[in-house]
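Shown next: structure_18.cif, containing mmCIF, C-alpha atoms and all ligand atoms.
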```cif
data_entry
#
loop_
_atom_site.label_atom_id
_atom_site.label_comp_id
_atom_site.auth_asym_id
_atom_site.auth_seq_id
_atom_site.Cartn_x
_atom_site.Cartn_y
_atom_site.Cartn_z
CA MET X 1 -13.51 -19.17 -1.55
CA ASN X 2 -13.26 -18.19 -5.16
CA PHE X 3 -13.08 -14.49 -5.59
CA ASN X 4 -12.22 -13.54 -9.11
CA MET X 5 -13.20 -9.92 -9.01
CA SER X 6 -10.41 -7.42 -9.16
CA LEU X 7 -10.86 -4.82 -6.45
CA PRO X 8 -9.29 -1.37 -6.55
CA GLY X 9 -5.84 -1.43 -5.02
CA LEU X 10 -5.92 -5.21 -4.76
CA GLU X 11 -5.37 -6.27 -8.36
CA ALA X 12 -2.26 -8.32 -7.66
CA PHE X 13 -3.64 -10.00 -4.57
CA ARG X 14 -5.23 -13.34 -3.99
CA ILE X 15 -8.31 -12.98 -1.84
CA LYS X 16 -8.38 -15.96 0.47
CA LYS X 17 -11.39 -15.20 2.58
CA THR X 18 -14.04 -12.53 3.00
CA VAL X 19 -15.95 -11.99 6.21
CA GLU X 20 -18.58 -9.51 7.14
CA ASN X 21 -18.42 -8.57 10.75
CA GLY X 22 -20.66 -5.90 12.27
CA GLY X 23 -21.04 -4.10 8.96
CA VAL X 24 -17.29 -4.15 8.38
CA PHE X 25 -16.06 -5.97 5.35
CA GLN X 26 -12.93 -7.98 6.09
CA LEU X 27 -10.72 -9.26 3.34
CA HIS X 28 -7.93 -11.73 3.90
CA VAL X 29 -5.36 -11.40 1.17
CA GLU X 30 -1.91 -12.49 0.13
CA LEU X 31 0.40 -12.31 -2.85
CA ASP X 32 1.75 -15.21 -4.87
CA VAL X 33 5.29 -16.36 -4.22
CA LYS X 34 7.63 -14.89 -6.76
CA PRO X 35 11.37 -14.36 -7.01
CA HIS X 36 12.60 -11.34 -5.09
CA ARG X 37 15.97 -9.70 -5.13
CA CYS X 38 17.82 -9.63 -1.84
CA PRO X 39 18.26 -5.97 -0.85
CA VAL X 40 21.76 -6.72 0.45
CA CYS X 41 23.41 -8.97 -2.12
CA ASN X 42 20.97 -8.64 -5.02
CA VAL X 43 20.61 -12.40 -5.48
CA LEU X 44 17.17 -13.69 -6.52
CA THR X 45 15.36 -15.78 -3.96
CA LYS X 46 12.04 -17.59 -3.62
CA LYS X 47 12.72 -18.96 -0.20
CA VAL X 48 9.90 -18.08 2.19
CA HIS X 49 10.97 -17.28 5.72
CA ASP X 50 7.70 -16.53 7.49
CA TYR X 51 4.45 -14.55 7.46
CA ARG X 52 3.00 -11.77 9.47
CA THR X 53 -0.55 -10.56 9.21
CA GLN X 54 -0.93 -6.82 8.92
CA LYS X 55 -4.26 -5.13 9.49
CA ILE X 56 -4.88 -2.31 7.05
CA GLN X 57 -7.70 0.16 6.74
CA HIS X 58 -8.88 0.35 3.14
CA SER X 59 -11.31 2.49 1.18
CA LYS X 60 -14.93 1.41 1.30
CA LEU X 61 -15.87 -1.57 -0.81
CA PHE X 62 -19.50 -2.32 -1.55
CA VAL X 63 -20.43 0.69 0.60
CA ARG X 64 -18.87 -0.93 3.65
CA GLU X 65 -15.94 -0.01 5.81
CA THR X 66 -13.18 -2.35 4.72
CA LEU X 67 -10.35 -3.89 6.65
CA ILE X 68 -7.66 -5.86 4.94
CA PHE X 69 -5.77 -8.60 6.68
CA TYR X 70 -2.67 -8.86 4.60
CA ARG X 71 -0.64 -12.00 5.18
CA LYS X 72 2.68 -10.44 4.46
CA ARG X 73 5.45 -12.76 3.45
CA ARG X 74 9.09 -12.52 4.40
CA TYR X 75 11.71 -14.03 2.17
CA LYS X 76 15.10 -15.26 3.20
CA CYS X 77 18.09 -14.75 0.94
CA GLU X 78 19.34 -18.04 -0.49
CA GLN X 79 22.95 -16.96 -0.39
CA PRO X 80 24.38 -18.93 2.58
CA ASN X 81 26.60 -16.17 3.87
CA CYS X 82 23.84 -13.58 3.60
CA GLU X 83 20.50 -15.03 4.69
CA LYS X 84 18.98 -11.57 4.86
CA ARG X 85 15.27 -11.62 5.73
CA PHE X 86 13.05 -9.11 4.03
CA TYR X 87 9.42 -8.40 3.24
CA GLU X 88 7.97 -8.96 -0.20
CA ASN X 89 7.19 -5.98 -2.43
CA ASN X 90 3.58 -4.94 -2.43
CA SER X 91 1.45 -2.24 -4.02
CA LEU X 92 -1.13 -2.09 -1.25
CA VAL X 93 0.50 -0.34 1.64
CA GLU X 94 3.65 1.61 2.39
CA ARG X 95 5.94 0.61 5.18
CA TYR X 96 4.80 1.48 8.70
CA GLN X 97 1.38 2.59 7.46
CA ARG X 98 -1.99 1.37 8.63
CA GLN X 99 -3.95 2.78 5.75
CA SER X 100 -3.75 1.44 2.24
CA LYS X 101 -2.43 3.65 -0.55
CA GLU X 102 -5.88 3.51 -2.10
CA LEU X 103 -7.52 4.89 1.03
CA LYS X 104 -4.91 7.61 1.40
CA GLN X 105 -5.54 8.62 -2.16
CA ALA X 106 -9.30 8.68 -1.61
CA ILE X 107 -8.96 10.91 1.44
CA ALA X 108 -6.62 13.26 -0.37
CA LEU X 109 -8.93 13.55 -3.33
CA GLU X 110 -11.85 14.37 -1.14
CA LEU X 111 -9.93 17.04 0.68
CA ILE X 112 -8.36 18.61 -2.33
CA HIS X 113 -11.24 18.47 -4.72
CA GLY X 114 -13.86 19.55 -2.24
CA LYS X 115 -16.98 17.84 -1.18
CA ASN X 116 -19.29 19.08 -3.87
CA PHE X 117 -17.79 17.09 -6.68
CA LYS X 118 -18.06 13.96 -4.68
CA SER X 119 -21.60 14.44 -3.50
CA VAL X 120 -22.65 15.31 -7.01
CA ALA X 121 -20.89 12.21 -8.26
CA SER X 122 -22.62 9.92 -5.80
CA ARG X 123 -25.98 11.55 -6.38
CA PHE X 124 -25.73 10.88 -10.09
CA ASN X 125 -23.87 7.66 -9.71
CA ILE X 126 -21.04 8.80 -11.95
CA SER X 127 -17.35 9.28 -11.40
CA SER X 128 -15.98 12.45 -9.89
CA THR X 129 -13.78 12.80 -12.94
CA THR X 130 -16.90 13.06 -15.03
CA VAL X 131 -18.33 15.64 -12.68
CA MET X 132 -15.18 17.70 -12.88
CA ARG X 133 -15.15 17.46 -16.63
CA ARG X 134 -18.72 18.74 -16.75
CA PHE X 135 -17.84 21.46 -14.33
CA ASP X 136 -15.00 22.49 -16.54
CA GLU X 137 -17.13 22.45 -19.68
CA VAL X 138 -19.61 24.83 -18.17
CA GLY X 139 -16.62 27.08 -17.89
CA SER X 140 -14.80 28.78 -15.11
CA SER X 141 -17.82 31.06 -14.74
CA PHE X 142 -18.76 29.11 -11.62
CA LEU X 143 -15.44 29.88 -10.06
CA LYS X 144 -15.36 33.29 -8.53
CA GLU X 145 -12.59 35.27 -10.06
CA THR X 146 -9.80 34.82 -7.55
CA GLU X 147 -7.88 38.03 -7.30
CA GLU X 148 -5.58 36.93 -4.56
CA LEU X 149 -4.92 33.35 -3.52
CA PRO X 150 -5.02 32.38 0.17
CA SER X 151 -1.82 31.59 2.07
CA VAL X 152 -2.28 27.85 1.64
CA ILE X 153 -3.15 26.43 -1.74
CA ALA X 154 -3.17 23.01 -3.32
CA ILE X 155 -1.98 22.40 -6.84
CA ASP X 156 -3.09 19.21 -8.49
CA GLU X 157 -3.30 17.86 -11.97
CA TYR X 158 -6.14 15.92 -13.43
CA LYS X 159 -7.17 14.50 -16.74
CA GLY X 160 -9.63 16.97 -18.05
CA ASP X 161 -10.78 16.20 -21.55
CA SER X 162 -13.09 13.44 -22.63
CA ASP X 163 -10.31 11.22 -23.96
CA GLY X 164 -8.58 11.52 -20.63
CA GLU X 165 -5.31 12.43 -22.27
CA LYS X 166 -4.98 16.10 -21.77
CA TYR X 167 -4.01 17.20 -18.29
CA GLN X 168 -5.21 20.33 -16.61
CA THR X 169 -4.14 21.96 -13.40
CA ILE X 170 -6.51 22.65 -10.57
CA ILE X 171 -5.71 25.26 -7.95
CA ALA X 172 -7.68 24.58 -4.80
CA ASP X 173 -8.13 25.85 -1.30
CA PRO X 174 -7.38 22.79 0.84
CA VAL X 175 -8.62 24.45 4.03
CA ASP X 176 -12.09 25.40 2.83
CA ARG X 177 -11.95 22.49 0.41
CA LYS X 178 -12.99 24.31 -2.69
CA PRO X 179 -11.52 24.66 -6.14
CA LEU X 180 -10.33 28.14 -7.00
CA GLU X 181 -9.17 27.90 -10.57
CA ILE X 182 -8.74 25.44 -13.36
CA LEU X 183 -5.81 26.08 -15.67
CA PRO X 184 -5.99 24.77 -19.23
CA ASP X 185 -2.87 22.58 -19.07
CA ARG X 186 -0.17 21.44 -16.66
CA LYS X 187 2.72 23.37 -18.17
CA LYS X 188 5.08 24.98 -15.72
CA GLU X 189 4.86 28.29 -17.56
CA THR X 190 1.08 28.36 -17.25
CA VAL X 191 1.20 27.79 -13.51
CA GLU X 192 4.07 30.26 -13.13
CA THR X 193 2.18 33.00 -14.93
CA TYR X 194 -0.94 32.38 -12.88
CA LEU X 195 0.93 32.42 -9.57
CA LYS X 196 2.83 35.58 -10.48
CA GLU X 197 -0.48 37.34 -10.91
CA HIS X 198 -2.44 35.92 -7.99
CA GLY X 199 -0.03 34.27 -5.53
CA GLN X 200 1.58 37.06 -3.55
CA ARG X 201 0.13 35.83 -0.23
CA VAL X 202 0.92 32.17 -0.79
CA GLU X 203 3.16 30.62 1.85
CA MET X 204 2.44 26.94 1.54
CA VAL X 205 1.64 24.75 -1.41
CA VAL X 206 0.26 21.26 -1.12
CA MET X 207 1.17 19.16 -4.11
CA ASP X 208 2.52 15.84 -5.28
CA MET X 209 4.38 17.10 -8.27
CA SER X 210 7.96 16.94 -9.47
CA PRO X 211 10.89 18.90 -7.96
CA SER X 212 11.19 20.90 -11.17
CA PHE X 213 7.61 21.94 -10.63
CA LYS X 214 8.46 23.16 -7.15
CA ALA X 215 11.28 25.19 -8.63
CA ALA X 216 8.83 26.77 -11.04
CA VAL X 217 6.55 27.68 -8.14
CA ASP X 218 9.44 29.18 -6.18
CA GLN X 219 10.47 31.18 -9.17
CA ALA X 220 6.97 32.47 -9.84
CA LEU X 221 6.61 33.70 -6.28
CA GLY X 222 10.14 35.03 -6.11
CA ARG X 223 10.82 33.24 -2.83
CA PRO X 224 11.08 29.73 -1.47
CA ILE X 225 7.79 28.32 -0.25
CA VAL X 226 6.88 25.35 1.90
CA VAL X 227 5.74 22.37 -0.07
CA ALA X 228 3.81 19.65 1.71
CA ASP X 229 2.74 16.41 0.19
CA ARG X 230 -0.93 15.70 0.33
CA PHE X 231 -0.81 12.87 2.75
CA HIS X 232 0.97 14.87 5.44
CA PHE X 233 -1.26 17.81 4.85
CA CYS X 234 -4.38 15.66 5.10
CA ARG X 235 -3.21 14.30 8.39
CA HIS X 236 -2.66 17.80 9.63
CA ILE X 237 -6.19 18.77 8.62
CA TYR X 238 -7.60 15.59 10.09
CA TRP X 239 -6.02 16.32 13.45
CA ALA X 240 -7.28 19.87 13.36
CA LEU X 241 -10.79 18.62 12.66
CA GLU X 242 -10.53 16.07 15.45
CA ARG X 243 -9.55 18.81 17.90
CA VAL X 244 -12.58 20.88 16.91
CA ARG X 245 -14.84 17.87 17.17
CA ARG X 246 -13.63 17.02 20.66
CA LYS X 247 -14.15 20.57 21.85
CA GLU X 248 -17.77 20.40 20.71
ZN ZN X 301 21.37 -11.71 0.24
#
```

Hey, can you dump this file as structure tokens for me?
Ligand SMILES: [Zn+2]
Amino acid sequence: MNFNMSLPGLEAFRIKKTVENGGVFQLHVELDVKPHRCPVCNVLTKKVHDYRTQKIQHSKLFVRETLIFYRKRRYKCEQPNCEKRFYENNSLVERYQRQSKELKQAIALELIHGKNFKSVASRFNISSTTVMRRFDEVGSSFLKETEELPSVIAIDEYKGDSDGEKYQTIIADPVDRKPLEILPDRKKETVETYLKEHGQRVEMVVMDMSPSFKAAVDQALGRPIVVADRFHFCRHIYWALERVRRKE
């Protein structure tokens, strides 16, 4: 089947087959053969050893649940005294994961940025980024003045202006899933100043930012804090929600 459309998260992949099964969209994909460096001896190889098909949960495509069947290739080092076997590099999924990076990202965004942005976005058929930009333009008047931040906060950056070049920082409550504050840039000093004023109760920060940024947060709060990356935090929340659901 010819499938020339580039799908999010699958740009590099060749889509071999698409099947719709019980409302679930199934995509069979693989990458082209290309020289890979042996992780042991660093020699380039194109020698294919074998394939294994990995089933991956992906973000919805065409409003359908999507499963990817990734025919993952293993190469074999061409160096006779090495012959190391190793998987090809891919941008779709991390090792030992069953969800694609794209899906993980989508879940994280929904959790961090709160549901309202998303529902507004789908209602108006525009991107969430656009919604957030509008939200920001109206001004922080919608955001209740946060005197004191909760014990768990999320710090995230996003492209705020219309050219998509200027970054802003969003401080959110990842438990109640609502934004608390939007800071005008992503400078460490800006975040530091804000946290010094409002962050005395903060114990945990969820963020995917650089180590130097963590240092800035520590310094602002005058003590070391726990930093979780979004994916682990989302899993934690997901489990908590599952427990509640089962009880009911
Ligand atoms: Zn080798």

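For the set X:Pro174, X:Pro179, X:Gly199, X:Gly9, the residue with the smallest atom-to-atom gap to Glu102 (chain X) is X:Gly9, counting only C-alpha atoms.
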
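Compared by their closest atoms to Ala172 (chain X), and using all atoms listed in the file, the residues X:Val191, X:Val217, X:Val206, X:Val63 rank with X:Val206 nearest.
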
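Minimum atom-to-atom distances from X:Lys76, X:Arg64, X:Arg186, X:Arg98 to Val19 (chain X) were compared using all atoms listed in the file, and the lowest value belongs to X:Arg64.
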
Which chains and residue numbers are within 8 Å of ligand ZN 301 (chain X), counting all atoms listed in the file, if I want them as a compact mmCIF listing (two decimals) with C-alpha atoms, keeping the file's coordinate frame?
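Just written: part_30.txt:
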```
# COMPACT_ATOMS: atom_id res chain seq x y z
CA ARG X 37 15.97 -9.70 -5.13
CA CYS X 38 17.82 -9.63 -1.84
CA PRO X 39 18.26 -5.97 -0.85
CA VAL X 40 21.76 -6.72 0.45
CA CYS X 41 23.41 -8.97 -2.12
CA ASN X 42 20.97 -8.64 -5.02
CA VAL X 43 20.61 -12.40 -5.48
CA LYS X 76 15.10 -15.26 3.20
CA CYS X 77 18.09 -14.75 0.94
CA GLU X 78 19.34 -18.04 -0.49
CA GLN X 79 22.95 -16.96 -0.39
CA ASN X 81 26.60 -16.17 3.87
CA CYS X 82 23.84 -13.58 3.60
CA GLU X 83 20.50 -15.03 4.69
CA LYS X 84 18.98 -11.57 4.86
```

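One distance worth recording is that between CA of Thr45 (chain X) and CA of His28 (chain X), which is 24.9 Å.
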
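Across the model, the gap from CA of Thr53 (chain X) to CA of Gly23 (chain X) is 21.5 Å.
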
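Closest approach to Glu148 (chain X) from the set X:Pro80, X:Ile171, X:Tyr96, X:Val202 is made by X:Val202, with distances taken over all atoms listed in the file.
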
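Counting from CA of Pro184 (chain X), the distance to CA of Gln200 (chain X) is 21.3 Å.
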
Excluding Tyr51 (chain X) and its own-chain neighbours fewer than 6 positions away, which residues fall within 8 Å of it when counting all atoms listed in the file? Please give them as a PyMOL selection string.
chain X and resi 71-74

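Distances to Glu181 (chain X) were evaluated for X:Val227, X:Ala220, X:Ile153, X:Val205 using only C-alpha atoms, and the minimum falls at X:Ile153.
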
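Take the candidates X:Gln97, X:Gly22, X:Lys166, X:Asp173 and check each one against Ser151 (chain X) using all atoms listed in the file; the shortest distance goes to X:Asp173.
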